[in-house]
Structure formats: structure tokens, C-alpha cells
file structure.cif (mmCIF, C-alpha atoms)
data_query
loop_
_atom_site.group_PDB
_atom_site.id
_atom_site.type_symbol
_atom_site.label_atom_id
_atom_site.label_comp_id
_atom_site.auth_asym_id
_atom_site.auth_seq_id
_atom_site.Cartn_x
_atom_site.Cartn_y
_atom_site.Cartn_z
ATOM 1 C CA MET A 1 100.423 94.062 86.633
ATOM 2 C CA SER A 2 103.731 95.792 87.614
ATOM 3 C CA GLY A 3 103.261 94.823 91.270
ATOM 4 C CA ALA A 4 106.804 95.694 92.372
ATOM 5 C CA PHE A 5 106.412 99.298 91.245
ATOM 6 C CA TYR A 6 103.374 99.766 93.499
ATOM 7 C CA SER A 7 104.815 98.049 96.569
ATOM 8 C CA HIS A 8 106.439 101.365 97.603
ATOM 9 C CA ALA A 9 103.232 103.287 98.279
ATOM 10 C CA ARG A 10 104.721 106.117 100.356
ATOM 11 C CA LEU A 11 107.434 106.794 97.773
ATOM 12 C CA TYR A 12 104.831 106.667 95.012
ATOM 13 C CA ASP A 13 102.905 109.499 96.690
ATOM 14 C CA LEU A 14 106.078 111.569 96.970
ATOM 15 C CA MET A 15 106.871 110.995 93.288
ATOM 16 C CA PHE A 16 103.299 111.674 92.167
ATOM 17 C CA PRO A 17 101.813 114.147 94.683
ATOM 18 C CA SER A 18 98.050 114.549 94.971
ATOM 19 C CA GLY A 19 95.982 117.466 93.760
ATOM 20 C CA GLY A 20 95.777 119.167 90.404
ATOM 21 C CA PRO A 21 93.254 119.267 87.559
ATOM 22 C CA ALA A 22 92.684 115.492 87.429
ATOM 23 C CA VAL A 23 91.387 115.475 91.001
ATOM 24 C CA ASP A 24 89.157 118.468 90.249
ATOM 25 C CA PHE A 25 87.791 116.814 87.109
ATOM 26 C CA TYR A 26 86.821 113.531 88.766
ATOM 27 C CA ARG A 27 85.501 115.277 91.842
ATOM 28 C CA ASP A 28 83.290 117.479 89.684
ATOM 29 C CA TYR A 29 81.932 114.534 87.690
ATOM 30 C CA ALA A 30 81.195 112.578 90.853
ATOM 31 C CA GLY A 31 79.304 115.560 92.257
ATOM 32 C CA ARG A 32 77.266 115.974 89.082
ATOM 33 C CA GLN A 33 76.364 112.298 88.976
ATOM 34 C CA GLY A 34 75.674 111.888 92.692
ATOM 35 C CA GLY A 35 75.123 108.509 94.326
ATOM 36 C CA ARG A 36 77.614 105.679 94.736
ATOM 37 C CA VAL A 37 81.165 106.025 93.410
ATOM 38 C CA LEU A 38 83.631 103.271 92.443
ATOM 39 C CA GLU A 39 87.267 103.837 91.515
ATOM 40 C CA LEU A 40 89.172 100.967 89.915
ATOM 41 C CA GLY A 41 92.936 101.051 90.380
ATOM 42 C CA CYS A 42 92.415 103.513 93.221
ATOM 43 C CA GLY A 43 96.016 103.358 94.464
ATOM 44 C CA THR A 44 96.553 105.407 97.614
ATOM 45 C CA GLY A 45 93.256 107.249 97.231
ATOM 46 C CA ASN A 46 94.536 110.565 95.900
ATOM 47 C CA LYS A 47 91.387 111.072 93.831
ATOM 48 C CA LEU A 48 88.838 109.023 95.758
ATOM 49 C CA ILE A 49 89.448 110.469 99.235
ATOM 50 C CA PRO A 50 88.454 114.027 98.162
ATOM 51 C CA ILE A 51 85.289 112.612 96.562
ATOM 52 C CA ALA A 52 84.440 110.724 99.757
ATOM 53 C CA ALA A 53 85.114 113.905 101.728
ATOM 54 C CA ASP A 54 82.321 115.533 99.680
ATOM 55 C CA GLY A 55 79.922 113.032 101.221
ATOM 56 C CA TRP A 56 79.499 110.466 98.431
ATOM 57 C CA PRO A 57 79.600 106.749 99.374
ATOM 58 C CA CYS A 58 82.803 105.414 97.819
ATOM 59 C CA VAL A 59 84.455 102.083 97.058
ATOM 60 C CA GLY A 60 88.075 101.836 95.978
ATOM 61 C CA LEU A 61 89.398 98.660 94.347
ATOM 62 C CA ASP A 62 93.076 97.962 93.774
ATOM 63 C CA PHE A 63 95.314 94.930 93.228
ATOM 64 C CA SER A 64 98.116 96.233 95.489
ATOM 65 C CA ALA A 65 97.766 95.552 99.212
ATOM 66 C CA GLU A 66 100.489 98.123 99.918
ATOM 67 C CA MET A 67 98.702 100.896 98.057
ATOM 68 C CA LEU A 68 95.416 100.072 99.798
ATOM 69 C CA ALA A 69 97.114 100.127 103.209
ATOM 70 C CA GLU A 70 98.392 103.642 102.517
ATOM 71 C CA ALA A 71 94.945 104.675 101.257
ATOM 72 C CA ARG A 72 93.371 103.453 104.516
ATOM 73 C CA ARG A 73 95.954 105.370 106.540
ATOM 74 C CA LYS A 74 95.353 108.610 104.616
ATOM 75 C CA ALA A 75 91.576 108.293 104.747
ATOM 76 C CA GLY A 76 91.771 107.692 108.488
ATOM 77 C CA GLN A 77 93.880 110.813 108.924
ATOM 78 C CA ARG A 78 91.184 112.855 107.183
ATOM 79 C CA GLY A 79 88.334 111.137 109.007
ATOM 80 C CA VAL A 80 86.884 109.897 105.703
ATOM 81 C CA THR A 81 85.095 106.571 105.246
ATOM 82 C CA VAL A 82 85.840 104.555 102.099
ATOM 83 C CA ASP A 83 85.290 100.849 101.442
ATOM 84 C CA TRP A 84 88.792 99.809 100.324
ATOM 85 C CA THR A 85 88.712 96.466 98.517
ATOM 86 C CA ARG A 86 91.513 94.312 97.128
ATOM 87 C CA GLY A 87 90.614 92.962 93.714
ATOM 88 C CA ASP A 88 91.422 92.655 90.035
ATOM 89 C CA MET A 89 89.782 95.142 87.668
ATOM 90 C CA ARG A 90 89.780 92.520 84.904
ATOM 91 C CA ASP A 91 86.942 90.677 86.641
ATOM 92 C CA PHE A 92 85.228 91.646 89.880
ATOM 93 C CA ASP A 93 81.827 91.369 91.555
ATOM 94 C CA LEU A 94 81.009 93.829 94.310
ATOM 95 C CA GLY A 95 77.338 92.909 94.550
ATOM 96 C CA ARG A 96 76.076 96.462 94.059
ATOM 97 C CA ALA A 97 75.639 99.090 91.352
ATOM 98 C CA PHE A 98 77.332 102.477 91.074
ATOM 99 C CA ASP A 99 76.299 105.797 89.588
ATOM 100 C CA PHE A 100 79.869 106.805 88.757
ATOM 101 C CA VAL A 101 82.780 104.474 87.988
ATOM 102 C CA PHE A 102 86.209 105.794 87.038
ATOM 103 C CA ILE A 103 89.766 104.678 86.303
ATOM 104 C CA ALA A 104 92.360 107.439 86.560
ATOM 105 C CA ALA A 105 96.030 108.078 85.827
ATOM 106 C CA ASN A 106 96.550 105.512 83.042
ATOM 107 C CA SER A 107 95.737 102.657 85.435
ATOM 108 C CA LEU A 108 93.724 100.952 82.688
ATOM 109 C CA LEU A 109 96.955 100.555 80.713
ATOM 110 C CA HIS A 110 98.232 97.873 83.092
ATOM 111 C CA LEU A 111 95.893 95.574 81.171
ATOM 112 C CA HIS A 112 97.847 94.537 78.087
ATOM 113 C CA GLU A 113 95.685 91.924 76.375
ATOM 114 C CA PRO A 114 92.495 92.876 74.507
ATOM 115 C CA GLU A 115 90.537 90.214 76.395
ATOM 116 C CA ASP A 116 91.629 91.736 79.708
ATOM 117 C CA LEU A 117 90.471 95.198 78.644
ATOM 118 C CA VAL A 118 87.153 93.834 77.395
ATOM 119 C CA GLY A 119 86.761 91.834 80.614
ATOM 120 C CA CYS A 120 87.260 95.017 82.629
ATOM 121 C CA PHE A 121 84.711 96.897 80.540
ATOM 122 C CA ARG A 122 82.176 94.084 80.923
ATOM 123 C CA ALA A 123 82.664 94.101 84.690
ATOM 124 C CA VAL A 124 82.160 97.884 84.714
ATOM 125 C CA ARG A 125 79.003 97.462 82.624
ATOM 126 C CA ARG A 126 77.604 94.970 85.171
ATOM 127 C CA HIS A 127 78.210 97.463 87.973
ATOM 128 C CA LEU A 128 76.701 100.557 86.324
ATOM 129 C CA ALA A 129 73.393 101.739 87.764
ATOM 130 C CA PRO A 130 70.749 103.002 85.295
ATOM 131 C CA GLY A 131 72.001 106.340 83.990
ATOM 132 C CA GLY A 132 75.461 105.672 85.422
ATOM 133 C CA LEU A 133 78.670 106.920 83.815
ATOM 134 C CA PHE A 134 82.095 105.358 83.389
ATOM 135 C CA VAL A 135 84.985 107.803 82.946
ATOM 136 C CA PHE A 136 88.695 107.112 82.465
ATOM 137 C CA ASP A 137 91.852 108.755 81.215
ATOM 138 C CA VAL A 138 94.689 107.236 79.202
ATOM 139 C CA PHE A 139 97.467 108.996 77.332
ATOM 140 C CA ASN A 140 97.143 109.583 73.603
ATOM 141 C CA PRO A 141 100.014 107.587 72.042
ATOM 142 C CA ASN A 142 102.619 109.657 70.249
ATOM 143 C CA VAL A 143 104.548 107.507 67.769
ATOM 144 C CA ARG A 144 107.627 109.742 67.961
ATOM 145 C CA LEU A 145 107.831 109.341 71.735
ATOM 146 C CA LEU A 146 107.207 105.602 71.508
ATOM 147 C CA ALA A 147 109.997 105.236 68.945
ATOM 148 C CA ALA A 148 112.332 107.196 71.235
ATOM 149 C CA ALA A 149 112.125 104.449 73.890
ATOM 150 C CA ASP A 150 115.567 103.093 72.979
ATOM 151 C CA GLY A 151 116.689 101.290 76.144
ATOM 152 C CA VAL A 152 118.964 104.112 77.365
ATOM 153 C CA ARG A 153 118.842 104.995 81.048
ATOM 154 C CA ARG A 154 117.736 108.606 81.443
ATOM 155 C CA GLY A 155 116.878 110.869 84.366
ATOM 156 C CA ARG A 156 113.359 112.092 85.027
ATOM 157 C CA GLU A 157 114.182 115.235 86.940
ATOM 158 C CA SER A 158 110.566 116.400 86.994
ATOM 159 C CA LEU A 159 109.802 113.375 89.204
ATOM 160 C CA SER A 160 112.617 113.963 91.720
ATOM 161 C CA PHE A 161 111.422 114.390 95.294
ATOM 162 C CA VAL A 162 112.638 114.768 98.867
ATOM 163 C CA ASP A 163 112.241 111.839 101.255
ATOM 164 C CA ALA A 164 112.536 112.594 104.975
ATOM 165 C CA GLY A 165 114.811 109.615 105.599
ATOM 166 C CA ARG A 166 116.962 109.789 102.465
ATOM 167 C CA GLY A 167 117.026 113.398 101.334
ATOM 168 C CA GLU A 168 116.708 114.150 97.633
ATOM 169 C CA VAL A 169 115.714 111.154 95.545
ATOM 170 C CA HIS A 170 116.436 111.024 91.814
ATOM 171 C CA VAL A 171 114.422 108.989 89.315
ATOM 172 C CA GLU A 172 115.868 107.324 86.214
ATOM 173 C CA VAL A 173 114.052 105.163 83.677
ATOM 174 C CA VAL A 174 115.022 102.700 80.961
ATOM 175 C CA GLU A 175 112.296 102.013 78.379
ATOM 176 C CA THR A 176 111.813 100.050 75.176
ATOM 177 C CA TYR A 177 108.669 99.847 73.061
ATOM 178 C CA ASP A 178 107.262 96.524 71.889
ATOM 179 C CA ALA A 179 105.252 97.572 68.823
ATOM 180 C CA ALA A 180 103.661 94.141 68.285
ATOM 181 C CA ALA A 181 102.231 94.116 71.825
ATOM 182 C CA GLN A 182 101.722 97.916 71.984
ATOM 183 C CA VAL A 183 103.528 97.824 75.344
ATOM 184 C CA THR A 184 106.271 100.093 76.672
ATOM 185 C CA ARG A 185 108.514 97.981 78.904
ATOM 186 C CA GLY A 186 110.402 100.014 81.467
ATOM 187 C CA THR A 187 112.545 99.736 84.561
ATOM 188 C CA TRP A 188 112.509 102.543 87.117
ATOM 189 C CA PHE A 189 115.510 103.314 89.340
ATOM 190 C CA LEU A 190 115.298 105.423 92.514
ATOM 191 C CA SER A 191 118.561 106.663 94.034
ATOM 192 C CA SER A 192 119.637 109.008 96.799
ATOM 193 C CA GLY A 193 123.027 110.548 97.514
ATOM 194 C CA SER A 194 123.930 107.713 99.874
ATOM 195 C CA GLU A 195 121.998 104.816 98.326
ATOM 196 C CA ALA A 196 122.158 104.077 94.615
ATOM 197 C CA ASP A 197 119.244 102.153 93.086
ATOM 198 C CA PHE A 198 117.510 101.474 96.388
ATOM 199 C CA VAL A 199 114.399 100.757 94.322
ATOM 200 C CA VAL A 200 114.567 98.944 90.984
ATOM 201 C CA ALA A 201 111.083 98.211 89.678
ATOM 202 C CA PRO A 202 109.676 97.132 86.310
ATOM 203 C CA LEU A 203 106.698 98.998 84.873
ATOM 204 C CA GLU A 204 104.936 97.960 81.672
ATOM 205 C CA ILE A 205 102.268 100.198 80.137
ATOM 206 C CA ARG A 206 100.100 99.477 77.108
ATOM 207 C CA SER A 207 99.180 102.022 74.449
ATOM 208 C CA ILE A 208 95.548 102.240 73.340
ATOM 209 C CA PHE A 209 95.273 104.031 70.017
ATOM 210 C CA PRO A 210 92.278 106.302 69.389
ATOM 211 C CA GLN A 211 90.587 104.161 66.728
ATOM 212 C CA GLU A 212 90.733 100.902 68.682
ATOM 213 C CA LEU A 213 89.352 102.370 71.891
ATOM 214 C CA PRO A 214 85.653 102.657 70.869
ATOM 215 C CA LEU A 215 85.757 99.090 69.527
ATOM 216 C CA LEU A 216 87.154 97.705 72.789
ATOM 217 C CA LEU A 217 84.464 99.589 74.693
ATOM 218 C CA SER A 218 81.696 98.280 72.459
ATOM 219 C CA LEU A 219 82.907 94.700 72.951
ATOM 220 C CA GLY A 220 82.528 95.349 76.673
ATOM 221 C CA GLY A 221 78.972 96.591 76.360
ATOM 222 C CA LEU A 222 79.811 100.278 76.666
ATOM 223 C CA ARG A 223 79.446 103.303 74.404
ATOM 224 C CA LEU A 224 81.821 106.253 74.159
ATOM 225 C CA VAL A 225 79.747 109.397 74.715
ATOM 226 C CA GLU A 226 82.463 112.071 74.817
ATOM 227 C CA ARG A 227 86.229 112.168 74.472
ATOM 228 C CA PHE A 228 88.162 115.182 75.736
ATOM 229 C CA GLY A 229 91.769 116.023 74.983
ATOM 230 C CA ASP A 230 92.700 117.628 78.294
ATOM 231 C CA TRP A 231 91.379 118.349 81.783
ATOM 232 C CA SER A 232 89.767 121.619 80.717
ATOM 233 C CA GLY A 233 87.293 119.728 78.512
ATOM 234 C CA ARG A 234 88.728 120.688 75.123
ATOM 235 C CA ALA A 235 87.678 118.422 72.270
ATOM 236 C CA PHE A 236 89.972 115.474 71.524
ATOM 237 C CA THR A 237 92.320 116.013 68.577
ATOM 238 C CA ALA A 238 95.202 114.038 67.080
ATOM 239 C CA GLY A 239 97.748 116.059 69.039
ATOM 240 C CA ALA A 240 95.952 116.002 72.381
ATOM 241 C CA PRO A 241 97.959 114.589 75.308
ATOM 242 C CA LEU A 242 94.997 112.695 76.783
ATOM 243 C CA GLN A 243 92.075 110.537 75.842
ATOM 244 C CA LEU A 244 89.645 111.503 78.589
ATOM 245 C CA CYS A 245 86.637 109.299 77.929
ATOM 246 C CA VAL A 246 83.057 109.491 79.169
ATOM 247 C CA CYS A 247 81.064 106.288 78.596
ATOM 248 C CA GLU A 248 77.631 104.834 79.296
ATOM 249 C CA ALA A 249 76.029 101.421 78.996
ATOM 250 C CA ALA A 250 75.360 100.477 75.371
#
call {"tool": "encode", "arguments": {"input": "structure.cif", "output": "C-alpha cells"}}
result
Amino acid sequence: MSGAFYSHARLYDLMFPSGGPAVDFYRDYAGRQGGRVLELGCGTGNKLIPIAADGWPCVGLDFSAEMLAEARRKAGQRGVTVDWTRGDMRDFDLGRAFDFVFIAANSLLHLHEPEDLVGCFRAVRRHLAPGGLFVFDVFNPNVRLLAAADGVRRGRESLSFVDAGRGEVHVEVVETYDAAAQVTRGTWFLSSGSEADFVVAPLEIRSIFPQELPLLLSLGGLRLVERFGDWSGRAFTAGAPLQLCVCEAA
């Protein structure tokens, strides 16, 4: 579950700042659906807090206590009420139904085994209210990029950020791709000018290929209704960067 990577919640928010089209997309869908909202793998609440600020009753579930603590702090700063819950998206029981359930930012890809993905989908199905929707985004695997994961340590300058206590922080990543498991196994290194590798954290992310995704959903009791290729709602194509999936109960 890559727990060490998510134990640095404040640094995570600096590396992946909130806002942007993903927030707008999920906020818009929540508003159209109305009613109760559940985010699985909610992290520090970057997408759920704006939805709660719109007045919808929200629950956020995450495995990381550190990420949830930061989410509570941020929600408190904004005066927003969210039910933050520690749990495992592979199997959970919240004792209530939701009109809109979503998993954002590739969080679903922390589940590597097919049975874990199906277990998550079945749990989502149990929590969907009549007419409810389940929406998630995962990247569309590019075999050239996967093959380029050669174990060499490389900088990710687009993810560099400034930390008040450390100054500029640089991000480097080493990745290899396990084709049999469909898992990219990486190690992330964060360094500042005075402190090399002050964070060293593993991160393993599964690939879900387009043809296997509807089958996994169907095994979980869900049906793929629409699949977009980007945040603007363009149709999914082979070269699209995203698989942005809208699902309902089968």
C-alpha cells in the first residue's frame, strides 16, 4: 500500500498542490448527483474539501493516518465538516449508502491483485444508493513509457517545490516495471541543498489496461457507463492519457 510514501502528508501537498481540472471535474459530478459523497483514498482532502464546502455531506476514507490528520487540519481551517475515516478500500462497511463515490489521482492503482480490485468494486457496489454513480481516474498505460522504467535514478523537476524549512526540494525517482505483475516499482528521493535524501520512500503502482478494466468492474457488480480520455470529457482513445470512468451498479 506504499505507506511510507504517504507518511509525509505536508510534503505530499507541496509536491502535488491542490486545484486544477481534476478538482473541477469531481466537484461538478458531485453537484450534479447531489446527496451523500464518499471518496476512497481521499488523502489530504484536496478534492473532497471543496465538495464539502459546496454543502454536500461527505465521507473520506484513507489507509494513512498521517494523510487523514492533514485532511482534518485543512478542513478545520476552512470551517468545513467532513467525516474522515481510516479504512481499507479493499473491504469496508460504513453502514450507509452514497449517491456519489469516487477514487481520484490513480489511488485505485495501489491495489495490485485482481481480487483486491474486485473486492474494492464489490464494496463500492454495496455502498451505492439507487441511481448512484462511481467515478474514478487511472492513467492509460503507455507501453513505451513502461519499458523506459530501467532502474536509473532521474530527476522529476516538474515536481520540485519550496519547503519553508528546507528551501528548494528536488525530487528524483528510480523505477522498474514488472510486466508479469503489471506493477511499476519505484523509489522516490527528496533532497534539499543541505540535506540529501531526507525522504526515501517506495511507491508501487499497478497498470490497468483498457480491455481488462470493464471485466474487473463487472466481477465487482458494476457496469462501465462512460470512459473519457481527459478532464474536458473527450472520448477515450488509445492515445488518451487517462481512463476517466463513470460506472453504475450492474
call {"tool": "resolve_selection", "arguments": {"input": "structure.cif", "expression": "the PyMOL selection byres ((chain A and resi 28-41) around 6)", "output": "number ranges by chain"}}
result
A: 24-27, 42-43, 57-62, 98-103, 107
call {"tool": "resolve_selection", "arguments": {"input": "structure.cif", "expression": "the PyMOL selection byres ((chain A and resi 80-86) around 9)", "output": "list in words"}}
result
Cys42, Leu48, Ile49, Pro50, Ala52, Ala53, Gly55, Pro57, Cys58, Val59, Gly60, Leu61, Asp62, Phe63, Ser64, Ala65, Leu68, Ala69, Ala71, Arg72, Lys74, Ala75, Gly76, Gln77, Arg78, Gly79, Gly87 and Asp88 of chain A
call {"tool": "axis_aligned_box", "arguments": {"input": "structure.cif", "around": "range 32-41 of chain A", "padding_each_side": "4 Å", "output": "AutoDock Vina command-line options"}}
result
--center_x 84.0 --center_y 108.5 --center_z 91.9 --size_x 25.8 --size_y 23.0 --size_z 13.8
call {"tool": "closest_residue", "arguments": {"input": "structure.cif", "among": "A:Leu145, A:Ala9, A:Leu14, A:Ala129", "to": "Val162 in chain A", "atoms": "all atoms listed in the file"}}
result
A:Leu14
call {"tool": "resolve_selection", "arguments": {"input": "structure.cif", "expression": "the PyMOL selection byres ((chain A and resi 109) around 12)", "output": "number ranges by chain"}}
result
A: 1-2, 41, 89-90, 103-108, 110-114, 116-117, 120, 136-141, 182-185, 203-209, 213
call {"tool": "atom_distance", "arguments": {"input": "structure.cif", "atom1": "CA of Val143 in chain A", "atom2": "CA of Tyr177 in chain A"}}
result
10.2 Å
call {"tool": "atom_distance", "arguments": {"input": "structure.cif", "atom1": "CA of Gly131 in chain A", "atom2": "CA of Cys247 in chain A"}}
result
10.5 Å
call {"tool": "residues_around", "arguments": {"input": "structure.cif", "residues": "Arg156 in chain A", "least_positions_apart": "6", "cutoff": "9 Å", "atoms": "only C-alpha atoms", "output": "PyMOL selection string"}}
result
chain A and resi 170-173
call {"tool": "decode", "arguments": {"input": "structure.cif", "residues": "range 54-89 of chain A", "atoms": "N, CA and C atoms", "output": "PDB file, in the first residue's frame"}}
result
ATOM      1  N   ASP A  54     -19.225  22.933  -0.808  1.00  0.00           N
ATOM      2  CA  ASP A  54     -20.433  23.213  -1.594  1.00  0.00           C
ATOM      3  C   ASP A  54     -21.704  22.797  -0.859  1.00  0.00           C
ATOM      4  N   GLY A  55     -21.539  22.164   0.301  1.00  0.00           N
ATOM      5  CA  GLY A  55     -22.697  21.830   1.117  1.00  0.00           C
ATOM      6  C   GLY A  55     -23.122  20.377   1.094  1.00  0.00           C
ATOM      7  N   TRP A  56     -22.388  19.507   0.368  1.00  0.00           N
ATOM      8  CA  TRP A  56     -22.766  18.103   0.314  1.00  0.00           C
ATOM      9  C   TRP A  56     -22.192  17.338   1.497  1.00  0.00           C
ATOM     10  N   PRO A  57     -22.951  16.441   2.119  1.00  0.00           N
ATOM     11  CA  PRO A  57     -22.411  15.628   3.223  1.00  0.00           C
ATOM     12  C   PRO A  57     -21.365  14.650   2.690  1.00  0.00           C
ATOM     13  N   CYS A  58     -20.174  14.680   3.261  1.00  0.00           N
ATOM     14  CA  CYS A  58     -19.035  13.958   2.704  1.00  0.00           C
ATOM     15  C   CYS A  58     -18.368  13.045   3.721  1.00  0.00           C
ATOM     16  N   VAL A  59     -17.905  11.901   3.227  1.00  0.00           N
ATOM     17  CA  VAL A  59     -17.081  10.969   3.989  1.00  0.00           C
ATOM     18  C   VAL A  59     -15.812  10.729   3.187  1.00  0.00           C
ATOM     19  N   GLY A  60     -14.676  10.802   3.868  1.00  0.00           N
ATOM     20  CA  GLY A  60     -13.402  10.497   3.231  1.00  0.00           C
ATOM     21  C   GLY A  60     -12.743   9.327   3.923  1.00  0.00           C
ATOM     22  N   LEU A  61     -12.385   8.297   3.164  1.00  0.00           N
ATOM     23  CA  LEU A  61     -11.744   7.104   3.718  1.00  0.00           C
ATOM     24  C   LEU A  61     -10.336   6.994   3.172  1.00  0.00           C
ATOM     25  N   ASP A  62      -9.384   6.725   4.051  1.00  0.00           N
ATOM     26  CA  ASP A  62      -7.996   6.560   3.633  1.00  0.00           C
ATOM     27  C   ASP A  62      -7.298   5.618   4.601  1.00  0.00           C
ATOM     28  N   PHE A  63      -6.261   4.933   4.099  1.00  0.00           N
ATOM     29  CA  PHE A  63      -5.494   3.995   4.919  1.00  0.00           C
ATOM     30  C   PHE A  63      -4.442   4.709   5.763  1.00  0.00           C
ATOM     31  N   SER A  64      -4.028   5.910   5.354  1.00  0.00           N
ATOM     32  CA  SER A  64      -2.927   6.621   6.006  1.00  0.00           C
ATOM     33  C   SER A  64      -3.434   7.557   7.101  1.00  0.00           C
ATOM     34  N   ALA A  65      -3.032   7.295   8.336  1.00  0.00           N
ATOM     35  CA  ALA A  65      -3.411   8.166   9.444  1.00  0.00           C
ATOM     36  C   ALA A  65      -2.811   9.558   9.277  1.00  0.00           C
ATOM     37  N   GLU A  66      -1.608   9.628   8.708  1.00  0.00           N
ATOM     38  CA  GLU A  66      -0.946  10.925   8.529  1.00  0.00           C
ATOM     39  C   GLU A  66      -1.684  11.786   7.503  1.00  0.00           C
ATOM     40  N   MET A  67      -2.115  11.182   6.423  1.00  0.00           N
ATOM     41  CA  MET A  67      -2.855  11.943   5.420  1.00  0.00           C
ATOM     42  C   MET A  67      -4.191  12.415   5.977  1.00  0.00           C
ATOM     43  N   LEU A  68      -4.869  11.565   6.744  1.00  0.00           N
ATOM     44  CA  LEU A  68      -6.147  11.955   7.334  1.00  0.00           C
ATOM     45  C   LEU A  68      -5.969  13.083   8.347  1.00  0.00           C
ATOM     46  N   ALA A  69      -4.881  13.050   9.118  1.00  0.00           N
ATOM     47  CA  ALA A  69      -4.637  14.118  10.084  1.00  0.00           C
ATOM     48  C   ALA A  69      -4.475  15.459   9.378  1.00  0.00           C
ATOM     49  N   GLU A  70      -3.777  15.457   8.247  1.00  0.00           N
ATOM     50  CA  GLU A  70      -3.615  16.705   7.490  1.00  0.00           C
ATOM     51  C   GLU A  70      -4.940  17.139   6.877  1.00  0.00           C
ATOM     52  N   ALA A  71      -5.741  16.164   6.427  1.00  0.00           N
ATOM     53  CA  ALA A  71      -7.065  16.492   5.882  1.00  0.00           C
ATOM     54  C   ALA A  71      -7.934  17.151   6.950  1.00  0.00           C
ATOM     55  N   ARG A  72      -7.915  16.620   8.163  1.00  0.00           N
ATOM     56  CA  ARG A  72      -8.700  17.214   9.258  1.00  0.00           C
ATOM     57  C   ARG A  72      -8.240  18.641   9.541  1.00  0.00           C
ATOM     58  N   ARG A  73      -6.922  18.844   9.531  1.00  0.00           N
ATOM     59  CA  ARG A  73      -6.388  20.183   9.798  1.00  0.00           C
ATOM     60  C   ARG A  73      -6.850  21.173   8.725  1.00  0.00           C
ATOM     61  N   LYS A  74      -6.774  20.779   7.462  1.00  0.00           N
ATOM     62  CA  LYS A  74      -7.151  21.659   6.363  1.00  0.00           C
ATOM     63  C   LYS A  74      -8.652  21.942   6.354  1.00  0.00           C
ATOM     64  N   ALA A  75      -9.444  20.909   6.623  1.00  0.00           N
ATOM     65  CA  ALA A  75     -10.892  21.113   6.671  1.00  0.00           C
ATOM     66  C   ALA A  75     -11.263  22.053   7.811  1.00  0.00           C
ATOM     67  N   GLY A  76     -10.587  21.898   8.943  1.00  0.00           N
ATOM     68  CA  GLY A  76     -10.840  22.787  10.075  1.00  0.00           C
ATOM     69  C   GLY A  76     -10.498  24.225   9.753  1.00  0.00           C
ATOM     70  N   GLN A  77      -9.409  24.429   9.023  1.00  0.00           N
ATOM     71  CA  GLN A  77      -9.017  25.779   8.626  1.00  0.00           C
ATOM     72  C   GLN A  77     -10.091  26.441   7.769  1.00  0.00           C
ATOM     73  N   ARG A  78     -10.745  25.646   6.933  1.00  0.00           N
ATOM     74  CA  ARG A  78     -11.777  26.185   6.040  1.00  0.00           C
ATOM     75  C   ARG A  78     -13.161  26.172   6.674  1.00  0.00           C
ATOM     76  N   GLY A  79     -13.278  25.629   7.877  1.00  0.00           N
ATOM     77  CA  GLY A  79     -14.568  25.559   8.534  1.00  0.00           C
ATOM     78  C   GLY A  79     -15.517  24.590   7.868  1.00  0.00           C
ATOM     79  N   VAL A  80     -14.964  23.503   7.305  1.00  0.00           N
ATOM     80  CA  VAL A  80     -15.742  22.516   6.552  1.00  0.00           C
ATOM     81  C   VAL A  80     -15.838  21.230   7.362  1.00  0.00           C
ATOM     82  N   THR A  81     -17.012  20.627   7.382  1.00  0.00           N
ATOM     83  CA  THR A  81     -17.228  19.376   8.101  1.00  0.00           C
ATOM     84  C   THR A  81     -17.173  18.199   7.138  1.00  0.00           C
ATOM     85  N   VAL A  82     -16.280  17.249   7.435  1.00  0.00           N
ATOM     86  CA  VAL A  82     -16.162  16.003   6.684  1.00  0.00           C
ATOM     87  C   VAL A  82     -15.971  14.885   7.697  1.00  0.00           C
ATOM     88  N   ASP A  83     -16.585  13.739   7.453  1.00  0.00           N
ATOM     89  CA  ASP A  83     -16.374  12.557   8.281  1.00  0.00           C
ATOM     90  C   ASP A  83     -15.150  11.820   7.742  1.00  0.00           C
ATOM     91  N   TRP A  84     -13.996  12.047   8.383  1.00  0.00           N
ATOM     92  CA  TRP A  84     -12.746  11.407   7.948  1.00  0.00           C
ATOM     93  C   TRP A  84     -12.628  10.055   8.647  1.00  0.00           C
ATOM     94  N   THR A  85     -12.429   9.000   7.868  1.00  0.00           N
ATOM     95  CA  THR A  85     -12.461   7.643   8.394  1.00  0.00           C
ATOM     96  C   THR A  85     -11.237   6.865   7.924  1.00  0.00           C
ATOM     97  N   ARG A  86     -10.555   6.210   8.874  1.00  0.00           N
ATOM     98  CA  ARG A  86      -9.427   5.363   8.483  1.00  0.00           C
ATOM     99  C   ARG A  86      -9.961   3.985   8.100  1.00  0.00           C
ATOM    100  N   GLY A  87      -9.566   3.514   6.926  1.00  0.00           N
ATOM    101  CA  GLY A  87     -10.037   2.221   6.472  1.00  0.00           C
ATOM    102  C   GLY A  87      -9.336   1.789   5.206  1.00  0.00           C
ATOM    103  N   ASP A  88      -9.657   0.582   4.782  1.00  0.00           N
ATOM    104  CA  ASP A  88      -9.020  -0.060   3.636  1.00  0.00           C
ATOM    105  C   ASP A  88     -10.049  -0.155   2.512  1.00  0.00           C
ATOM    106  N   MET A  89      -9.759   0.438   1.369  1.00  0.00           N
ATOM    107  CA  MET A  89     -10.733   0.450   0.277  1.00  0.00           C
ATOM    108  C   MET A  89     -10.982  -0.941  -0.301  1.00  0.00           C
TER     109      MET A  89
END
